[in-house]
>>> print(open('protein24.csv').read())   # CSV, C-alpha atoms and all ligand atoms
chain,number,residue,atom,x,y,z
A,1,MET,CA,53.4,-165.4,90.8
A,2,ASP,CA,56.2,-167.8,91.7
A,3,GLN,CA,55.3,-170.6,94.1
A,4,TYR,CA,57.6,-173.0,96.0
A,5,LYS,CA,57.2,-175.9,98.4
A,6,VAL,CA,59.0,-175.8,101.7
A,7,THR,CA,59.0,-177.7,105.1
A,8,ALA,CA,58.0,-176.4,108.5
A,9,GLY,CA,61.8,-176.2,109.3
A,10,GLU,CA,62.3,-173.8,106.3
A,11,ILE,CA,59.4,-171.6,107.6
A,12,ASN,CA,61.2,-171.4,110.9
A,13,ARG,CA,64.3,-170.4,109.1
A,14,LEU,CA,62.4,-167.7,107.3
A,15,LEU,CA,61.0,-166.4,110.6
A,16,LYS,CA,64.5,-166.3,112.2
A,17,SER,CA,65.9,-164.5,109.2
A,18,GLN,CA,63.2,-161.8,109.3
A,19,ALA,CA,63.6,-161.5,113.1
A,20,GLU,CA,67.3,-160.7,112.6
A,21,LYS,CA,66.6,-157.7,110.3
A,22,SER,CA,63.3,-156.5,111.6
A,23,ARG,CA,60.8,-156.5,114.4
A,24,LEU,CA,58.7,-159.6,113.8
A,25,ILE,CA,55.1,-159.8,115.0
A,26,ILE,CA,53.2,-163.0,114.9
A,27,PRO,CA,49.7,-164.1,115.9
A,28,ILE,CA,49.3,-166.5,118.9
A,29,GLU,CA,46.1,-168.1,119.9
A,30,GLU,CA,45.3,-167.6,123.5
A,31,GLY,CA,42.1,-169.6,124.0
A,32,GLU,CA,39.4,-168.0,121.8
A,33,GLN,CA,41.5,-164.9,121.3
A,34,VAL,CA,44.3,-164.4,118.8
A,35,GLU,CA,46.8,-161.9,120.1
A,36,LEU,CA,49.8,-160.3,118.4
A,37,LYS,CA,53.2,-161.0,120.0
A,38,GLU,CA,56.9,-160.6,119.2
A,39,PHE,CA,58.4,-163.8,117.7
A,40,ARG,CA,60.4,-166.1,120.0
A,41,GLU,CA,62.7,-168.8,118.6
A,42,ASN,CA,60.7,-171.7,120.0
A,43,ASP,CA,57.4,-170.6,118.6
A,44,ASN,CA,55.8,-173.3,116.4
A,45,PRO,CA,55.7,-172.2,112.8
A,46,SER,CA,52.7,-174.5,111.9
A,47,LEU,CA,50.6,-173.0,114.7
A,48,ILE,CA,51.5,-169.5,113.6
A,49,VAL,CA,50.6,-170.2,109.9
A,50,ASP,CA,47.3,-171.9,110.9
A,51,SER,CA,46.2,-169.3,113.5
A,52,PHE,CA,42.9,-167.5,113.0
A,53,ARG,CA,43.1,-163.9,112.0
A,54,PRO,CA,44.4,-161.6,114.8
A,55,TYR,CA,41.8,-159.5,116.7
A,56,ASP,CA,43.9,-156.4,116.4
A,57,PRO,CA,43.6,-154.5,113.1
A,58,LEU,CA,46.7,-154.2,110.9
A,59,LYS,CA,46.2,-150.4,110.6
A,60,THR,CA,47.6,-150.1,114.1
A,61,PHE,CA,51.1,-150.6,112.5
A,62,LEU,CA,50.6,-148.0,109.8
A,63,MET,CA,48.5,-145.3,111.5
A,64,SER,CA,49.1,-144.9,115.1
A,65,PRO,CA,45.9,-144.5,117.2
A,66,PHE,CA,47.5,-141.3,118.8
A,67,GLU,CA,50.5,-139.4,117.5
A,68,GLU,CA,52.0,-136.0,117.2
A,69,VAL,CA,52.0,-134.9,113.5
A,70,ALA,CA,53.1,-131.2,113.7
A,71,THR,CA,54.8,-128.7,116.0
A,72,PHE,CA,55.0,-124.9,115.9
A,73,PRO,CA,57.3,-123.0,115.7
A,74,GLU,CA,59.9,-125.7,115.7
A,75,LYS,CA,59.9,-128.3,113.0
A,76,MET,CA,59.2,-131.9,114.0
A,77,SER,CA,62.0,-134.3,113.8
A,78,GLU,CA,61.8,-137.1,111.1
A,79,ILE,CA,59.4,-139.9,111.9
A,80,GLU,CA,61.1,-143.1,112.9
A,81,ALA,CA,59.8,-146.3,111.3
A,82,PRO,CA,62.0,-149.3,112.0
A,83,ASN,CA,61.7,-152.3,109.7
A,84,LEU,CA,58.7,-154.4,110.7
A,85,THR,CA,57.5,-157.9,109.5
A,86,LEU,CA,53.9,-158.9,110.1
A,87,PHE,CA,53.5,-162.6,109.8
A,88,GLY,CA,50.2,-164.5,109.8
A,89,PHE,CA,47.7,-161.8,108.9
A,90,LYS,CA,45.1,-163.2,106.5
A,91,ALA,CA,43.8,-162.2,103.1
A,92,CYS,CA,41.3,-159.9,104.8
A,93,SER,CA,44.2,-157.8,106.0
A,94,THR,CA,45.9,-157.7,102.6
A,95,ASN,CA,42.6,-156.4,101.2
A,96,HIS,CA,42.5,-153.8,103.9
A,97,ILE,CA,46.0,-152.7,102.8
A,98,ARG,CA,44.7,-152.3,99.2
A,99,LEU,CA,42.2,-149.6,100.4
A,100,LEU,CA,44.6,-147.9,102.9
A,101,ASP,CA,47.3,-147.6,100.3
A,102,GLU,CA,44.8,-146.1,97.9
A,103,ILE,CA,43.7,-143.5,100.5
A,104,MET,CA,46.9,-142.7,102.3
A,105,LEU,CA,49.3,-142.9,99.4
A,106,ASP,CA,47.4,-140.4,97.2
A,107,ASP,CA,49.7,-139.1,94.5
A,108,GLU,CA,49.0,-135.5,95.3
A,109,TRP,CA,48.6,-135.6,99.1
A,110,PRO,CA,50.4,-138.7,100.5
A,111,ASP,CA,50.3,-139.2,104.3
A,112,VAL,CA,54.1,-139.0,105.1
A,113,PHE,CA,53.7,-140.9,108.3
A,114,TYR,CA,51.8,-143.8,106.7
A,115,ARG,CA,54.2,-143.8,103.7
A,116,LYS,CA,57.3,-144.1,105.9
A,117,ARG,CA,55.9,-147.0,107.8
A,118,ARG,CA,54.5,-148.7,104.7
A,119,GLU,CA,57.9,-148.5,103.0
A,120,ASN,CA,59.5,-150.4,105.9
A,121,LEU,CA,56.7,-153.0,106.3
A,122,PHE,CA,57.1,-156.6,105.1
A,123,ILE,CA,54.0,-158.7,105.0
A,124,ILE,CA,53.9,-162.5,105.2
A,125,SER,CA,50.2,-163.4,104.9
A,126,CYS,CA,48.8,-166.9,105.3
A,127,ASP,CA,45.8,-168.7,103.8
A,128,CYS,CA,42.8,-169.2,106.2
A,129,VAL,CA,42.3,-172.7,107.4
A,130,GLU,CA,39.9,-171.9,110.2
A,131,VAL,CA,36.6,-170.3,109.5
A,132,ARG,CA,34.7,-168.7,112.4
A,133,ASP,CA,31.1,-167.6,112.4
A,134,THR,CA,32.0,-163.9,112.0
A,135,CYS,CA,33.8,-164.5,108.7
A,136,PHE,CA,32.0,-163.3,105.5
A,137,CYS,CA,34.7,-162.3,103.0
A,138,THR,CA,33.0,-164.3,100.2
A,139,GLU,CA,29.9,-162.1,100.6
A,140,VAL,CA,31.8,-159.0,99.6
A,141,GLY,CA,33.5,-160.5,96.6
A,142,LEU,CA,36.7,-161.7,98.2
A,143,LYS,CA,38.3,-165.0,99.2
A,144,PRO,CA,39.9,-166.6,102.3
A,145,TYR,CA,43.3,-166.4,100.5
A,146,PRO,CA,45.0,-163.5,98.9
A,147,THR,CA,43.5,-162.5,95.5
A,148,THR,CA,44.4,-158.8,95.3
A,149,GLY,CA,48.1,-158.9,95.9
A,150,ASN,CA,49.3,-156.5,98.7
A,151,PHE,CA,51.6,-159.1,100.3
A,152,ASP,CA,55.4,-159.8,100.0
A,153,LEU,CA,55.1,-163.6,100.7
A,154,ASN,CA,52.0,-165.7,101.3
A,155,ILE,CA,52.1,-169.1,102.9
A,156,SER,CA,49.5,-171.9,102.4
A,157,HIS,CA,49.6,-175.0,104.7
A,158,LEU,CA,48.7,-178.1,102.7
A,159,ASN,CA,48.9,-181.3,104.7
A,160,ASP,CA,52.5,-181.6,105.9
A,161,GLN,CA,54.0,-179.1,103.5
A,162,PHE,CA,53.9,-175.3,103.0
A,163,ILE,CA,53.5,-173.5,99.7
A,164,ILE,CA,55.1,-170.1,99.5
A,165,THR,CA,53.8,-167.6,97.0
A,166,VAL,CA,56.0,-164.6,96.2
A,167,GLY,CA,54.2,-161.3,95.9
A,168,SER,CA,57.0,-158.8,95.5
A,169,GLU,CA,60.6,-158.3,94.7
A,170,GLU,CA,61.3,-157.8,98.4
A,171,GLY,CA,59.7,-161.3,98.9
A,172,HIS,CA,62.2,-162.8,96.5
A,173,ARG,CA,65.0,-161.1,98.3
A,174,ALA,CA,63.8,-162.3,101.7
A,175,LEU,CA,63.7,-165.9,100.5
A,176,ALA,CA,67.3,-165.6,99.1
A,177,GLU,CA,68.6,-164.0,102.3
A,178,ALA,CA,67.0,-166.8,104.4
A,179,SER,CA,68.8,-169.4,102.1
A,180,LEU,CA,65.7,-171.6,102.0
A,181,ASN,CA,65.6,-174.9,100.2
A,182,LEU,CA,62.9,-174.0,97.7
A,183,GLN,CA,61.4,-176.8,95.7
A,184,GLU,CA,59.3,-176.4,92.6
A,185,ILE,CA,55.7,-177.5,93.0
A,186,SER,CA,54.0,-180.1,90.9
A,187,ASP,CA,50.7,-179.8,89.1
A,188,GLU,CA,49.2,-182.2,91.6
A,189,ILE,CA,50.2,-179.9,94.5
A,190,ARG,CA,48.8,-176.9,92.6
A,191,GLU,CA,45.5,-178.8,92.2
A,192,ASN,CA,45.4,-179.9,95.8
A,193,LEU,CA,45.9,-176.3,96.9
A,194,GLN,CA,43.2,-175.1,94.6
A,195,GLU,CA,40.8,-177.8,96.1
A,196,GLN,CA,41.7,-176.9,99.7
A,197,ARG,CA,41.1,-173.2,99.0
A,198,GLN,CA,37.8,-174.0,97.3
A,199,GLU,CA,36.6,-176.1,100.2
A,200,ILE,CA,37.4,-173.3,102.7
A,201,THR,CA,35.7,-170.7,100.4
A,202,GLU,CA,32.6,-172.9,100.4
A,203,ARG,CA,32.6,-173.1,104.2
A,204,VAL,CA,32.6,-169.3,104.4
A,205,LYS,CA,29.8,-169.0,101.8
A,206,ASN,CA,27.6,-171.7,103.3
A,207,GLN,CA,27.6,-170.2,106.8
A,208,ASN,CA,26.5,-166.9,105.3
A,209,ASP,CA,23.7,-168.3,103.1
A,210,ASP,CA,21.0,-167.2,105.5
A,211,TYR,CA,22.0,-163.5,105.2
A,212,GLY,CA,21.3,-163.6,101.5
A,213,ILE,CA,23.7,-160.7,100.8
A,214,ASP,CA,23.4,-159.8,97.1
A,215,GLU,CA,26.7,-159.4,95.2
A,216,LYS,CA,25.4,-156.0,94.1
A,217,ILE,CA,24.7,-154.9,97.7
A,218,HIS,CA,25.7,-151.4,96.8
A,219,GLU,CA,22.5,-150.9,94.8
A,220,PRO,CA,20.1,-151.4,97.7
A,221,VAL,CA,22.5,-149.5,100.1
A,222,ARG,CA,22.2,-146.5,97.7
A,223,GLU,CA,18.5,-146.8,97.0
A,224,ASN,CA,17.1,-147.8,100.4
A,225,ARG,CA,18.3,-145.0,102.6
A,226,ASP,CA,15.1,-145.2,104.7
A,227,ALA,CA,15.5,-148.9,105.6
A,228,GLY,CA,14.1,-149.5,109.1
A,229,VAL,CA,17.1,-151.5,110.1
A,230,PHE,CA,19.1,-148.4,110.8
A,231,ALA,CA,16.7,-147.1,113.5
A,232,GLU,CA,16.3,-150.6,114.8
A,233,LYS,CA,20.0,-151.1,115.4
A,234,ALA,CA,20.3,-147.6,116.7
A,235,GLU,CA,18.2,-148.7,119.7
A,236,ASP,CA,20.9,-151.1,120.7
A,237,CYS,CA,24.1,-149.2,119.7
A,238,VAL,CA,25.9,-147.6,122.6
A,239,GLU,CA,28.0,-145.4,120.3
A,240,CYS,CA,31.3,-146.8,121.6
A,241,GLY,CA,33.0,-146.5,118.2
A,242,GLY,CA,34.5,-150.0,118.6
A,243,CYS,CA,33.3,-151.1,115.1
A,244,ASN,CA,35.3,-148.3,113.5
A,245,LEU,CA,38.4,-148.7,115.7
A,246,VAL,CA,38.9,-152.4,115.0
A,247,CYS,CA,38.3,-151.9,111.2
A,248,SER,CA,41.4,-151.4,109.0
A,249,SER,CA,39.1,-150.0,106.3
A,250,CYS,CA,38.2,-147.1,108.7
A,251,TYR,CA,40.9,-144.5,108.5
A,252,CYS,CA,39.2,-141.4,109.9
A,253,PHE,CA,41.0,-139.2,112.4
A,254,TYR,CA,40.7,-135.8,114.0
A,255,LEU,CA,43.4,-133.3,114.7
A,256,ALA,CA,43.7,-131.6,118.1
A,257,ASP,CA,46.1,-128.7,118.9
A,258,ARG,CA,47.6,-128.3,122.3
A,259,GLU,CA,49.2,-125.0,123.4
A,260,VAL,CA,52.6,-125.7,124.9
A,261,GLY,CA,54.0,-122.2,125.5
A,262,GLU,CA,53.6,-118.7,124.2
A,263,GLU,CA,52.8,-119.1,120.5
A,264,ALA,CA,54.0,-122.7,120.6
A,265,PHE,CA,51.7,-125.6,119.7
A,266,ARG,CA,51.8,-129.4,119.2
A,267,ARG,CA,49.2,-131.0,116.9
A,268,PHE,CA,48.0,-134.6,117.5
A,269,ARG,CA,46.2,-137.0,115.3
A,270,VAL,CA,43.7,-139.4,117.0
A,271,TRP,CA,41.6,-142.2,115.4
A,272,ASP,CA,38.0,-141.1,115.1
A,273,SER,CA,34.7,-142.9,114.7
A,274,CYS,CA,31.8,-141.8,112.5
A,275,GLN,CA,29.5,-143.3,115.1
A,276,TYR,CA,30.3,-140.6,117.6
A,277,ASN,CA,27.9,-137.7,117.9
A,278,ALA,CA,30.9,-135.3,117.7
A,279,TYR,CA,32.1,-136.7,114.5
A,280,ALA,CA,31.8,-134.2,111.6
A,281,ARG,CA,30.7,-131.5,114.1
A,282,LEU,CA,30.9,-128.1,112.6
A,283,ALA,CA,31.4,-124.6,113.9
A,284,GLY,CA,28.4,-123.5,115.9
A,285,ASP,CA,28.1,-127.0,117.2
A,286,GLU,CA,26.0,-128.2,114.3
A,287,THR,CA,26.3,-131.7,112.9
A,288,PRO,CA,25.0,-133.1,109.7
A,289,ARG,CA,24.0,-136.4,111.4
A,290,PRO,CA,22.6,-135.7,114.8
A,291,MET,CA,20.7,-139.0,115.0
A,292,LEU,CA,22.5,-142.2,115.7
A,293,MET,CA,20.5,-144.0,113.0
A,294,GLN,CA,21.9,-141.5,110.5
A,295,ARG,CA,25.5,-142.3,111.6
A,296,ILE,CA,24.9,-146.0,111.3
A,297,ARG,CA,23.5,-145.5,107.9
A,298,HIS,CA,26.5,-143.3,107.0
A,299,ARG,CA,28.9,-146.1,108.0
A,300,ILE,CA,27.2,-148.6,105.8
A,301,ALA,CA,26.9,-146.1,102.9
A,302,HIS,CA,30.5,-145.1,103.1
A,303,LYS,CA,31.7,-148.7,102.9
A,304,PHE,CA,29.2,-150.1,100.4
A,305,ASP,CA,28.2,-147.1,98.2
A,306,TYR,CA,30.8,-144.3,98.3
A,307,LEU,CA,34.0,-146.4,98.3
A,308,LYS,CA,32.5,-148.8,95.7
A,309,GLU,CA,31.8,-145.8,93.4
A,310,SER,CA,35.3,-144.5,94.0
A,311,PHE,CA,37.4,-147.6,93.6
A,312,ASP,CA,35.0,-150.3,92.4
A,313,TYR,CA,35.4,-152.4,95.5
A,314,TYR,CA,33.8,-152.3,98.9
A,315,GLY,CA,35.2,-150.6,102.0
A,316,CYS,CA,34.5,-153.8,103.9
A,317,VAL,CA,36.5,-157.0,103.5
A,318,GLY,CA,34.2,-159.3,105.6
A,319,CYS,CA,36.8,-159.9,108.3
A,320,GLY,CA,34.1,-159.8,111.0
A,321,ARG,CA,36.2,-157.8,113.6
A,322,CYS,CA,33.4,-155.3,114.1
A,323,ILE,CA,31.0,-158.1,114.8
A,324,SER,CA,33.4,-159.5,117.5
A,325,ALA,CA,34.0,-156.1,119.0
A,326,CYS,CA,30.4,-154.8,119.3
A,327,PRO,CA,29.1,-154.9,122.9
A,328,ALA,CA,25.6,-154.6,121.5
A,329,ASP,CA,25.9,-157.6,119.3
A,330,ILE,CA,25.2,-155.6,116.2
A,331,ASP,CA,26.2,-157.7,113.1
A,332,ILE,CA,27.0,-155.8,110.0
A,333,ARG,CA,25.5,-158.6,107.9
A,334,GLU,CA,22.1,-158.0,109.6
A,335,LEU,CA,22.4,-154.4,108.6
A,336,LEU,CA,23.0,-155.4,105.0
A,337,GLN,CA,20.2,-158.0,105.1
A,338,GLY,CA,17.9,-155.3,106.5
A,339,VAL,CA,18.8,-152.9,103.7
A,340,GLN,CA,17.7,-155.4,101.1
A,341,LYS,CA,14.2,-155.9,102.5
A,401,LIG,S1,33.3,-153.3,108.5
A,401,LIG,FE1,33.6,-155.0,110.0
A,401,LIG,S2,33.7,-156.8,108.7
A,401,LIG,FE2,33.9,-155.1,107.3
A,401,LIG,S3,36.1,-154.8,107.1
A,401,LIG,FE3,35.5,-153.5,108.8
A,401,LIG,S4,35.7,-154.7,110.7
A,401,LIG,FE4,35.8,-156.1,108.9
A,402,LIG,S1,30.7,-151.3,118.2
A,402,LIG,FE1,28.4,-151.7,118.2
A,402,LIG,S2,27.7,-150.4,119.9
A,402,LIG,FE2,29.8,-149.7,119.4
A,402,LIG,S3,29.4,-148.0,118.0
A,402,LIG,FE3,29.7,-149.8,116.7
A,402,LIG,S4,27.6,-150.6,116.4
A,402,LIG,FE4,27.5,-149.2,118.1
>>> encode(input="protein24.csv", output="structure tokens", more="lines below")
Ligand code: SF4
Ligand code: SF4
Amino acid sequence: MDQYKVTAGEINRLLKSQAEKSRLIIPIEEGEQVELKEFRENDNPSLIVDSFRPYDPLKTFLMSPFEEVATFPEKMSEIEAPNLTLFGFKACSTNHIRLLDEIMLDDEWPDVFYRKRRENLFIISCDCVEVRDTCFCTEVGLKPYPTTGNFDLNISHLNDQFIITVGSEEGHRALAEASLNLQEISDEIRENLQEQRQEITERVKNQNDDYGIDEKIHEPVRENRDAGVFAEKAEDCVECGGCNLVCSSCYCFYLADREVGEEAFRRFRVWDSCQYNAYARLAGDETPRPMLMQRIRHRIAHKFDYLKESFDYYGCVGCGRCISACPADIDIRELLQGVQK
């Protein structure tokens, strides 16, 4: 992939150029929280690049939490998906996109709503420089910088300079349109970047040593279905579904029909959570997982066994959002640790 060196001023110019042709969303640190905001011209590019990953999941921009998806008897009008640039999401989110694209852009049954938004989405990701105690991407085979593609441009902040990596043709086009002064990078800069990335990777690894998560965690997840940790965590879980709703690797939804006249209906799609008792409920009010511990086990099995078998990577990228969101302080790493016992 092509890489160039630029200054903070050039990053600002890139931001302004994107803001002229698309809605531009950036992360802004507000105390401990990282919120998503519309870009304003006086926002500091260095702070945006260095910000911790936003709390909100990227899927919000691709799969609306609540939306109309069909009408009867009239046909729905075409979905509107204005151009959107997301700036400052981290590698965990580019890894989320890998899975979402796989699921939602299925060759035979693509999700037309997702596809339209995805086509008009431009992603400028940034290397992680801050590691918080909820981060564990290294424990699920990933890194705190993009390794699986799924970005248009990626920015690494190295001392007082920025390295732009181009991930797509659209990325090349955006750089040309912003008329940036791109400079070739030397072998020394390349090595320094590698060292910086290695150092941050080690920090993530080290802080997760105590969990001892095996790189083949899918094996105990499959074999140890009766692990006591599921029942143990079910005692604390309040079934709020927050862990699913903040996770961009969770894409389940349900469909609800509303009668709006004689023989006229509107169909809505709403994000769903496999932790809810009503999830997967069948006719006759039966459910295959009536106990909460079964639903917690299902969440783990789906991410670490079923998706691994389907795509050869996990349905968890180690972003830690579910850990931050859980009002019962349930940490997915402790679930994995418990499964290994
Ligand atoms: S399960 Fe939790 S840590 Fe894993 S990707 Fe989802 S929100 Fe992130
Ligand atoms: S966020 Fe925590 S309390 Fe809520 S459903 Fe998930 S595990 Fe249970």
>>> closest_atom_pairs(input="protein24.csv", of="chain A", to="ligand LIG 401 (chain A)", cutoff="6 Å", atoms="only C-alpha atoms and all ligand atoms", output="CSV")
residue,atom,partner,partner_atom,distance
A:Val246,CA,A:LIG401,S4,5.8
A:Cys247,CA,A:LIG401,S4,3.9
A:Ser249,CA,A:LIG401,FE3,5.6
A:Cys316,CA,A:LIG401,FE2,3.7
A:Val317,CA,A:LIG401,S3,4.2
A:Gly318,CA,A:LIG401,S2,4.0
A:Cys319,CA,A:LIG401,FE4,4.0
A:Gly320,CA,A:LIG401,S2,3.8
A:Arg321,CA,A:LIG401,S4,4.3
A:Cys322,CA,A:LIG401,FE1,4.1
>>> closest_residue(input="protein24.csv", among="A:Ile124, A:Ala70, A:Leu282, A:Ala234", to="ligand LIG 402 (chain A)", atoms="all atoms listed in the file")
A:Ala234
>>> residues_near_ligand(input="protein24.csv", ligand="ligand LIG 402 (chain A)", cutoff="8 Å", atoms="all atoms listed in the file", output="ChimeraX atom specification")
/A:233-234,236-244,275-276,296,322-323,325-331
>>> residues_around(input="protein24.csv", residues="stretch 111-122 of chain A", least_positions_apart="2", cutoff="10 Å", atoms="all atoms listed in the file", output="MDAnalysis selection string")
chainID A and resid 18 22:24 59 61:64 67 69 78:87 97 100:101 103:109 124:125 151:153 168 170:171 174
>>> residues_around(input="protein24.csv", residues="A:Gln194", least_positions_apart="6", cutoff="12 Å", atoms="only C-alpha atoms", output="list in words")
Asp127, Pro144, Tyr145, Ser156, His157, Leu158, Ile163, Asp187, Glu188, Ile200 and Thr201 of chain A
>>> residues_near_point(input="protein24.csv", point="(49.7, -159.1, 97.3)", cutoff="9 Å", atoms="only C-alpha atoms", output="list of chain:residue names")
A:Ala91, A:Thr94, A:Asn95, A:Arg98, A:Ile123, A:Ser125, A:Pro146, A:Thr147, A:Thr148, A:Gly149, A:Asn150, A:Phe151, A:Asp152, A:Leu153, A:Asn154, A:Val166, A:Gly167, A:Ser168
>>> write_last_selection(input="protein24.csv", atoms="C-alpha atoms", output="tab-separated table (two decimals), in the coordinates of the input")
chain	number	residue	atom	x	y	z
A	91	ALA	CA	43.80	-162.20	103.10
A	94	THR	CA	45.90	-157.70	102.60
A	95	ASN	CA	42.60	-156.40	101.20
A	98	ARG	CA	44.70	-152.30	99.20
A	123	ILE	CA	54.00	-158.70	105.00
A	125	SER	CA	50.20	-163.40	104.90
A	146	PRO	CA	45.00	-163.50	98.90
A	147	THR	CA	43.50	-162.50	95.50
A	148	THR	CA	44.40	-158.80	95.30
A	149	GLY	CA	48.10	-158.90	95.90
A	150	ASN	CA	49.30	-156.50	98.70
A	151	PHE	CA	51.60	-159.10	100.30
A	152	ASP	CA	55.40	-159.80	100.00
A	153	LEU	CA	55.10	-163.60	100.70
A	154	ASN	CA	52.00	-165.70	101.30
A	166	VAL	CA	56.00	-164.60	96.20
A	167	GLY	CA	54.20	-161.30	95.90
A	168	SER	CA	57.00	-158.80	95.50
>>> closest_residue(input="protein24.csv", among="A:Ser77, A:Phe304, A:Glu286, A:Leu193", to="A:Gln161", atoms="all atoms listed in the file")
A:Leu193
>>> atom_distance(input="protein24.csv", atom1="atom CA of A:Ala8", atom2="atom CA of A:Thr165")
15.1 Å
>>> closest_residue(input="protein24.csv", among="A:Glu177, A:Glu139, A:Asp226, A:Asp43", to="A:Asn208", atoms="all atoms listed in the file")
A:Glu139
>>> residues_around(input="protein24.csv", residues="A:Ile11", least_positions_apart="2", cutoff="9 Å", atoms="all atoms listed in the file", output="PDB file with C-alpha atoms, in the frame of the given file")
ATOM      1  CA  VAL A   6      59.000-175.800 101.700  1.00  0.00           C
ATOM      2  CA  THR A   7      59.000-177.700 105.100  1.00  0.00           C
ATOM      3  CA  ALA A   8      58.000-176.400 108.500  1.00  0.00           C
ATOM      4  CA  GLY A   9      61.800-176.200 109.300  1.00  0.00           C
ATOM      5  CA  ARG A  13      64.300-170.400 109.100  1.00  0.00           C
ATOM      6  CA  LEU A  14      62.400-167.700 107.300  1.00  0.00           C
ATOM      7  CA  LEU A  15      61.000-166.400 110.600  1.00  0.00           C
ATOM      8  CA  LYS A  16      64.500-166.300 112.200  1.00  0.00           C
ATOM      9  CA  PRO A  45      55.700-172.200 112.800  1.00  0.00           C
ATOM     10  CA  SER A  46      52.700-174.500 111.900  1.00  0.00           C
ATOM     11  CA  PHE A 162      53.900-175.300 103.000  1.00  0.00           C
ATOM     12  CA  LEU A 180      65.700-171.600 102.000  1.00  0.00           C
TER      13      LEU A 180
END
>>> closest_residue(input="protein24.csv", among="A:Glu130, A:Asp312, A:Glu102, A:Glu169", to="A:Lys90", atoms="only C-alpha atoms")
A:Glu130
>>> residues_around(input="protein24.csv", residues="A:Ile164", least_positions_apart="3", cutoff="6 Å", atoms="all atoms listed in the file", output="JSON, numbers by chain")
{"A": [3, 4, 154, 155]}
>>> atom_distance(input="protein24.csv", atom1="atom CA of A:Arg333", atom2="atom CA of A:His218")
13.2 Å
